[in-house]
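All remarks here apply to the structure that follows.
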Amino acid sequence: MKAQPDLSVSIGALKLRNPVLAASGTFGYGSEYGRFVNLSDFGGIVTKTLTPEPWPGNPPPRAAETAAGMLNSIGLQNVGVEAFVRDKMPYLRKMDTALIVNVGGGPVEEFVYVTERLSDCEGIDALEINMSCPNVSGGLDFSTDPRRAGELVSALRSITDLPVIAKLTPNVTDVGEIARSVEDAGADAISAINTLRGMAVDIRTRRPVLGAVTGGLSGPAIKPVAIAAVYRIASQVDVPVIGIGGIMSGEDAVEFLVAGATAVQVGTANFVEPRSGASVARELAGWCAASDIHSVRTLIGSMRIPSQEDVPCHPL
Amino acid sequence: MSTIPICQYDAEILSNRQIGPGLYWIDLLAPEISRHAQPGHFVHLIASDVSKDSSRQTWLRHTPLLRRPFSIAERDPEKGVFGLIYRIVGGGTEILATRREGERVDVLGPLGRTFEPIRAGRPVIMVAGGVGVAPFLSLAQETVRDGRSDPAEMTVLFGAATAGLLSGEEKFRQLGVDVKLATDDGTTGHHGLVTDMLERELARSPRQCAYLYACGPTPMMRRCQAIAREAGIDGQVSLEGIMPCGVGVCMACVVPCVIPGDRSSPRRYERVCDTGPVFDMEEVVL
């Protein structure tokens, strides 16, 4: 009988029992799925984006299924940071897994407000900065501009001791450039990718399917885009990368790790299979055991790129 | 948030049969869900066969991707069975209709907020449009089974496009509940809208209705709201929504709500899956 593979990874100072996290916006505030899912199966939970005040969100319809994926335009509906600290933290604090709280806002001051409020709140292990929401006005502004991305991260870096994770959009020409900028500004890690801007049209009514016209695309359909982004980011920065996009199985997670991710987040898959955290981690362990891999850490960035000489096709 | 335990079941299909044009009834074996379900609850299920052929890539097994919500139409807690009605409207229900007896369906439930119970001495009318009849089959059945009210104090007004879509009607009659039918094409019952029938009923015998339930297409429920307001009757509506998670986390299936009785109060978005699917008639803006 082989020893169980070691699934533990570190995101800077943050130690995770396994590299499988629940992605922001797909796991509420933990307690909803906690009614019937064992939260300690996850390496950690990332909670829904918080804004300074409760936020109403976008007009419905807010979701539509697409080929191997879904569009959403929730528009950051959330309880606001005060209610979060008061009503949601007591439950989250007792949870036996890492707690990463996702921080949002409009202008920089709002991100600062939420970060300050959370920084003196006991039980939070890290903050993830939602600088890439495609569904609110200006939501993409920070992570599509290297200068503004850096400014936001350094503003938050200077006011908190918690690890700061910058969450980036793939809706840019070179995500590597944005990644370098947030690393320079002091980000402890980078998570990628947020949803891709997408849209669907009801041809019968000729109206957009979503109330907010456009939305963000997630699910297995975006996995190749996410892998490419993770690979690019990992080649440009030294901080750990958390891969997100369409992960539904342990093999999907392996793919992200090999491309350069240190951990992954499972998002849309939670809606389909609320126990995805457990199944992805279990399949990842099984895959490692079967492949004689003793620690998942050896997979991180282990990609083998064929050299030009190995490419069997010669130009005519 | 309900305190009833949520169960995830690999439920066996006991039968899955066509009961009308594009209309189906499926019976699933899931004892825990059957035991705890109350009228108004729904389940969230995966239409495709995810248990079969586990070597296929996970995403391939999950096509279509998302779960689909269905109101529980009937349950037999002793046998551990519950039944659902569905109409083929898209990829999910199309696949569900191909599933065979003995195969398994991944079901999550029971979910959502349930109906205000029917009480003796308070006659009710249930207005059902098409497959919107499902939660009322359950409501009528459980009320009669528990002896909470006399079947004579319940009236069902059931409308659909055509006679073939009024399946389930006989189940009310078996319970001794009065059913009045309406069809858009006049193939049976009143030729016209079920809401016209509601107005007529209320005009004829206003004391026959102390509480109104409605479930069906949005225009039908909107009209029911207006009629109930006019008549000064309280009630509830059961809604559906595009529902990725079904348990209150994703915030996708929201409807605008106001403070009941104050339609000019600021609107807030409430989740159909968790705050609903049953809402107070005057709470929701349709």
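As shown in the structure tokens, the chain order sets the letters A, B, ...; within each chain, residues go from 1, and ligands are also counted from 1 in the order they appear.
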Output the contact residues of chain B with respect to chain A at a cut-off of 10 Å, based on only C-alpha atoms, as a PyMOL selection string.
chain B and resi 1+3-8+44-46+57-60+62-68+106+108+241-256+267-270+274
For the residues selected in the previous step, produce a file with C-alpha atoms as a PDB file, in the first residue's frame.
```pdb
ATOM      1  CA  MET B   1     -33.073  29.480   5.110  1.00  0.00           C
ATOM      2  CA  THR B   3     -33.909  23.948   8.646  1.00  0.00           C
ATOM      3  CA  ILE B   4     -34.983  20.839   6.764  1.00  0.00           C
ATOM      4  CA  PRO B   5     -31.887  18.795   5.907  1.00  0.00           C
ATOM      5  CA  ILE B   6     -30.736  18.979   2.300  1.00  0.00           C
ATOM      6  CA  CYS B   7     -29.921  15.590   0.823  1.00  0.00           C
ATOM      7  CA  GLN B   8     -28.066  14.657  -2.322  1.00  0.00           C
ATOM      8  CA  HIS B  44     -32.577  20.362  -8.232  1.00  0.00           C
ATOM      9  CA  LEU B  45     -31.537  17.561 -10.513  1.00  0.00           C
ATOM     10  CA  ILE B  46     -28.983  16.637 -13.120  1.00  0.00           C
ATOM     11  CA  GLN B  57     -14.342  13.330 -18.953  1.00  0.00           C
ATOM     12  CA  THR B  58     -16.295  14.964 -16.182  1.00  0.00           C
ATOM     13  CA  TRP B  59     -17.499  17.900 -18.269  1.00  0.00           C
ATOM     14  CA  LEU B  60     -18.718  15.564 -20.993  1.00  0.00           C
ATOM     15  CA  HIS B  62     -22.226  16.978 -17.370  1.00  0.00           C
ATOM     16  CA  THR B  63     -23.802  18.163 -20.598  1.00  0.00           C
ATOM     17  CA  PRO B  64     -25.958  20.158 -20.158  1.00  0.00           C
ATOM     18  CA  LEU B  65     -23.945  21.639 -17.329  1.00  0.00           C
ATOM     19  CA  LEU B  66     -26.399  22.988 -14.804  1.00  0.00           C
ATOM     20  CA  ARG B  67     -29.016  21.335 -12.628  1.00  0.00           C
ATOM     21  CA  ARG B  68     -32.701  21.929 -13.302  1.00  0.00           C
ATOM     22  CA  ASP B 106     -28.581  12.954  -9.114  1.00  0.00           C
ATOM     23  CA  LEU B 108     -30.592  17.644  -4.441  1.00  0.00           C
ATOM     24  CA  GLY B 241     -36.039  30.988 -12.071  1.00  0.00           C
ATOM     25  CA  ILE B 242     -32.812  30.342 -13.936  1.00  0.00           C
ATOM     26  CA  MET B 243     -31.180  28.678 -10.997  1.00  0.00           C
ATOM     27  CA  PRO B 244     -27.527  27.611 -11.203  1.00  0.00           C
ATOM     28  CA  CYS B 245     -27.017  26.598  -7.545  1.00  0.00           C
ATOM     29  CA  GLY B 246     -30.507  26.126  -6.061  1.00  0.00           C
ATOM     30  CA  VAL B 247     -29.296  26.647  -2.490  1.00  0.00           C
ATOM     31  CA  GLY B 248     -28.857  30.416  -2.187  1.00  0.00           C
ATOM     32  CA  VAL B 249     -25.213  31.001  -3.040  1.00  0.00           C
ATOM     33  CA  CYS B 250     -25.023  32.229  -6.622  1.00  0.00           C
ATOM     34  CA  MET B 251     -27.612  35.051  -6.446  1.00  0.00           C
ATOM     35  CA  ALA B 252     -28.704  34.423 -10.046  1.00  0.00           C
ATOM     36  CA  CYS B 253     -32.388  33.521  -9.661  1.00  0.00           C
ATOM     37  CA  VAL B 254     -33.492  36.754  -8.020  1.00  0.00           C
ATOM     38  CA  VAL B 255     -36.831  38.580  -8.326  1.00  0.00           C
ATOM     39  CA  PRO B 256     -37.577  42.136  -7.231  1.00  0.00           C
ATOM     40  CA  ARG B 267     -37.164  47.076  -4.245  1.00  0.00           C
ATOM     41  CA  ARG B 268     -34.689  44.461  -3.208  1.00  0.00           C
ATOM     42  CA  TYR B 269     -33.644  41.327  -5.058  1.00  0.00           C
ATOM     43  CA  GLU B 270     -34.578  38.095  -3.299  1.00  0.00           C
ATOM     44  CA  ASP B 274     -33.863  30.179  -1.016  1.00  0.00           C
TER      45      ASP B 274
END
```
Skipping near chain neighbours, those fewer than 4 positions away, what residues fall within 9 Å of Ala166 of chain A using only C-alpha atoms, listed as a list in words?
Leu127, Glu128, Ile129, Asn130, Met131, Ser143, Ala149, Val153, Ala179, Val182, Glu183, Ala187, Asp188, Ala189, Ile190, Ser191 and Ala192 of chain A
Filtering to N, CA and C atoms, could you give me those residues as a compact mmCIF listing (two decimals), in the first residue's frame?
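The result, written out as selection-v7.txt:
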```txt
# COMPACT_ATOMS: atom_id res chain seq x y z
N LEU A 127 -6.81 37.88 1.86
CA LEU A 127 -7.80 38.65 1.10
C LEU A 127 -7.54 38.45 -0.39
N GLU A 128 -8.62 38.24 -1.13
CA GLU A 128 -8.50 38.19 -2.58
C GLU A 128 -9.16 39.46 -3.11
N ILE A 129 -8.46 40.16 -3.98
CA ILE A 129 -8.97 41.44 -4.48
C ILE A 129 -9.67 41.22 -5.82
N ASN A 130 -10.98 41.48 -5.83
CA ASN A 130 -11.73 41.33 -7.07
C ASN A 130 -11.56 42.60 -7.90
N MET A 131 -10.47 42.60 -8.68
CA MET A 131 -10.20 43.77 -9.52
C MET A 131 -10.56 43.47 -10.97
N SER A 143 -7.95 45.80 -13.56
CA SER A 143 -7.08 44.72 -14.03
C SER A 143 -6.87 44.75 -15.54
N ALA A 149 -3.77 48.81 -11.84
CA ALA A 149 -3.72 47.53 -11.10
C ALA A 149 -2.69 47.64 -9.98
N VAL A 153 -3.33 47.60 -5.77
CA VAL A 153 -2.68 46.61 -4.92
C VAL A 153 -1.78 47.29 -3.90
N ALA A 179 0.15 41.05 -14.40
CA ALA A 179 0.68 40.22 -13.31
C ALA A 179 1.98 40.81 -12.76
N VAL A 182 1.13 43.87 -10.56
CA VAL A 182 0.60 43.61 -9.21
C VAL A 182 1.66 42.94 -8.32
N GLU A 183 2.53 42.16 -8.91
CA GLU A 183 3.62 41.59 -8.11
C GLU A 183 4.54 42.70 -7.60
N ALA A 187 1.65 42.26 -4.30
CA ALA A 187 0.69 41.15 -4.18
C ALA A 187 1.44 39.89 -3.76
N ASP A 188 0.82 39.12 -2.85
CA ASP A 188 1.44 37.88 -2.39
C ASP A 188 1.15 36.72 -3.32
N ALA A 189 0.09 36.85 -4.09
CA ALA A 189 -0.29 35.79 -5.03
C ALA A 189 -1.22 36.40 -6.07
N ILE A 190 -1.44 35.64 -7.15
CA ILE A 190 -2.32 36.10 -8.22
C ILE A 190 -3.31 34.98 -8.51
N SER A 191 -4.59 35.31 -8.54
CA SER A 191 -5.53 34.29 -9.01
C SER A 191 -6.05 34.68 -10.38
N ALA A 192 -6.17 33.66 -11.23
CA ALA A 192 -6.58 33.89 -12.61
C ALA A 192 -7.22 32.61 -13.12
```
Counting only C-alpha atoms, what is within 12 Å of Asp146 of chain B, bar same-chain residues fewer than 4 positions away, as a PyMOL selection string?
chain B and resi 38+117-120+138-142+150-151
Residues of segment 18-258 of chain B in strand (DSSP E or B) according to DSSP, as a PDB file with C-alpha atoms, in the first residue's frame?
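After the write, out00.pdb holds the following:
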```
ATOM      1  CA  GLN B  18     -45.291  10.634 -21.096  1.00  0.00           C
ATOM      2  CA  ILE B  19     -48.624  11.985 -19.824  1.00  0.00           C
ATOM      3  CA  GLY B  20     -49.395  14.544 -22.527  1.00  0.00           C
ATOM      4  CA  LEU B  23     -45.405  16.404 -20.878  1.00  0.00           C
ATOM      5  CA  TYR B  24     -43.897  13.799 -18.535  1.00  0.00           C
ATOM      6  CA  TRP B  25     -44.184  12.371 -15.049  1.00  0.00           C
ATOM      7  CA  ILE B  26     -41.105  10.939 -13.313  1.00  0.00           C
ATOM      8  CA  ASP B  27     -41.073   8.973 -10.047  1.00  0.00           C
ATOM      9  CA  LEU B  28     -37.804   8.902  -8.118  1.00  0.00           C
ATOM     10  CA  LEU B  29     -36.730   6.777  -5.165  1.00  0.00           C
ATOM     11  CA  PHE B  42     -38.489  21.671  -5.097  1.00  0.00           C
ATOM     12  CA  VAL B  43     -35.571  19.466  -6.082  1.00  0.00           C
ATOM     13  CA  HIS B  44     -32.577  20.362  -8.232  1.00  0.00           C
ATOM     14  CA  LEU B  45     -31.537  17.561 -10.513  1.00  0.00           C
ATOM     15  CA  ILE B  46     -28.983  16.637 -13.120  1.00  0.00           C
ATOM     16  CA  ARG B  68     -32.701  21.929 -13.302  1.00  0.00           C
ATOM     17  CA  PRO B  69     -35.280  22.775 -10.626  1.00  0.00           C
ATOM     18  CA  PHE B  70     -38.655  20.967 -10.399  1.00  0.00           C
ATOM     19  CA  SER B  71     -41.463  21.327  -7.871  1.00  0.00           C
ATOM     20  CA  ILE B  72     -42.378  18.156  -6.036  1.00  0.00           C
ATOM     21  CA  ALA B  73     -45.818  17.105  -7.297  1.00  0.00           C
ATOM     22  CA  GLU B  74     -46.440  14.109  -5.097  1.00  0.00           C
ATOM     23  CA  ARG B  75     -44.714  11.997  -2.493  1.00  0.00           C
ATOM     24  CA  ASP B  76     -45.144   8.697  -0.753  1.00  0.00           C
ATOM     25  CA  VAL B  81     -40.805   7.992  -3.516  1.00  0.00           C
ATOM     26  CA  PHE B  82     -41.614  11.395  -4.949  1.00  0.00           C
ATOM     27  CA  GLY B  83     -42.953  12.450  -8.338  1.00  0.00           C
ATOM     28  CA  LEU B  84     -42.287  15.406 -10.632  1.00  0.00           C
ATOM     29  CA  ILE B  85     -44.077  16.782 -13.678  1.00  0.00           C
ATOM     30  CA  TYR B  86     -42.036  18.318 -16.466  1.00  0.00           C
ATOM     31  CA  ARG B  87     -42.538  19.604 -19.948  1.00  0.00           C
ATOM     32  CA  ARG B 104     -30.220   6.972 -11.648  1.00  0.00           C
ATOM     33  CA  VAL B 105     -30.652  10.712 -11.377  1.00  0.00           C
ATOM     34  CA  ASP B 106     -28.581  12.954  -9.114  1.00  0.00           C
ATOM     35  CA  VAL B 107     -31.103  14.928  -7.030  1.00  0.00           C
ATOM     36  CA  LEU B 108     -30.592  17.644  -4.441  1.00  0.00           C
ATOM     37  CA  GLY B 109     -33.426  18.474  -2.101  1.00  0.00           C
ATOM     38  CA  PRO B 110     -35.839  19.240  -0.650  1.00  0.00           C
ATOM     39  CA  LEU B 111     -35.128  22.917  -1.311  1.00  0.00           C
ATOM     40  CA  ARG B 113     -39.597  27.790   1.231  1.00  0.00           C
ATOM     41  CA  VAL B 124     -58.732  28.365  -0.745  1.00  0.00           C
ATOM     42  CA  ILE B 125     -58.431  28.601  -4.497  1.00  0.00           C
ATOM     43  CA  MET B 126     -55.347  27.320  -6.295  1.00  0.00           C
ATOM     44  CA  VAL B 127     -54.746  28.771  -9.750  1.00  0.00           C
ATOM     45  CA  ALA B 128     -52.478  26.568 -11.838  1.00  0.00           C
ATOM     46  CA  GLY B 129     -51.080  27.242 -15.302  1.00  0.00           C
ATOM     47  CA  MET B 154     -60.364  23.634  -1.858  1.00  0.00           C
ATOM     48  CA  THR B 155     -60.940  24.666  -5.453  1.00  0.00           C
ATOM     49  CA  VAL B 156     -58.425  24.234  -8.239  1.00  0.00           C
ATOM     50  CA  LEU B 157     -58.612  26.377 -11.370  1.00  0.00           C
ATOM     51  CA  PHE B 158     -56.378  24.691 -13.891  1.00  0.00           C
ATOM     52  CA  GLY B 159     -55.537  26.246 -17.243  1.00  0.00           C
ATOM     53  CA  ALA B 160     -53.316  25.191 -20.135  1.00  0.00           C
ATOM     54  CA  ASP B 178     -63.213  20.498  -7.131  1.00  0.00           C
ATOM     55  CA  VAL B 179     -61.287  21.245 -10.354  1.00  0.00           C
ATOM     56  CA  LYS B 180     -62.385  23.700 -13.024  1.00  0.00           C
ATOM     57  CA  LEU B 181     -60.529  23.634 -16.317  1.00  0.00           C
ATOM     58  CA  ALA B 182     -59.656  26.266 -18.891  1.00  0.00           C
ATOM     59  CA  THR B 183     -57.907  25.918 -22.237  1.00  0.00           C
ATOM     60  CA  HIS B 190     -63.643  27.276 -20.227  1.00  0.00           C
ATOM     61  CA  HIS B 191     -62.400  28.597 -23.578  1.00  0.00           C
ATOM     62  CA  TYR B 211     -56.671  32.580   0.505  1.00  0.00           C
ATOM     63  CA  LEU B 212     -55.301  32.309  -3.025  1.00  0.00           C
ATOM     64  CA  TYR B 213     -52.383  30.293  -4.382  1.00  0.00           C
ATOM     65  CA  ALA B 214     -50.997  30.738  -7.892  1.00  0.00           C
ATOM     66  CA  CYS B 215     -48.293  29.022  -9.937  1.00  0.00           C
ATOM     67  CA  ASP B 234     -54.067  37.230   0.786  1.00  0.00           C
ATOM     68  CA  GLY B 235     -52.174  34.522  -0.966  1.00  0.00           C
ATOM     69  CA  GLN B 236     -48.926  33.096  -2.247  1.00  0.00           C
ATOM     70  CA  VAL B 237     -47.255  32.534  -5.597  1.00  0.00           C
ATOM     71  CA  SER B 238     -44.666  29.899  -6.455  1.00  0.00           C
ATOM     72  CA  VAL B 254     -33.492  36.754  -8.020  1.00  0.00           C
ATOM     73  CA  VAL B 255     -36.831  38.580  -8.326  1.00  0.00           C
ATOM     74  CA  PRO B 256     -37.577  42.136  -7.231  1.00  0.00           C
ATOM     75  CA  CYS B 257     -39.486  42.264  -3.949  1.00  0.00           C
TER      76      CYS B 257
END
```
Tell me, in Å to one decimal, how far atom CA of Gly80 of chain A is from atom CA of Gly186 of chain A.
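Between atom CA of Gly80 of chain A and atom CA of Gly186 of chain A the gap is 25.9 Å.
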Quick check, in Å to one decimal: how far apart do atom CA of Ile165 of chain A and atom CA of Val101 of chain A lie?
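Computing it gives 9.9 Å between the two atoms.
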What gap, in Å, lies between atom CA of Arg145 of chain B and atom CA of Arg35 of chain B?
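Between these atoms lies a distance of 14.2 Å.
Residue nearest Glu78 of chain B within the list B:Glu32, B:Asp184, B:Glu240, B:Glu101: B:Glu32 [criterion: smallest interatomic distance, only C-alpha atoms].
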Residues near Ile293 of chain A, cut-off 7 Å, only C-alpha atoms, skip fewer than 4 positions along chain, as a list in words:
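That gives Pro5, Cys288 and Ala289 of chain A.
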Shell of 9 Å around Thr160 of chain A, only C-alpha atoms, local chain residues under 2 positions omitted, as a ChimeraX atom specification
/A:115-116,118-120,156-158,162-164
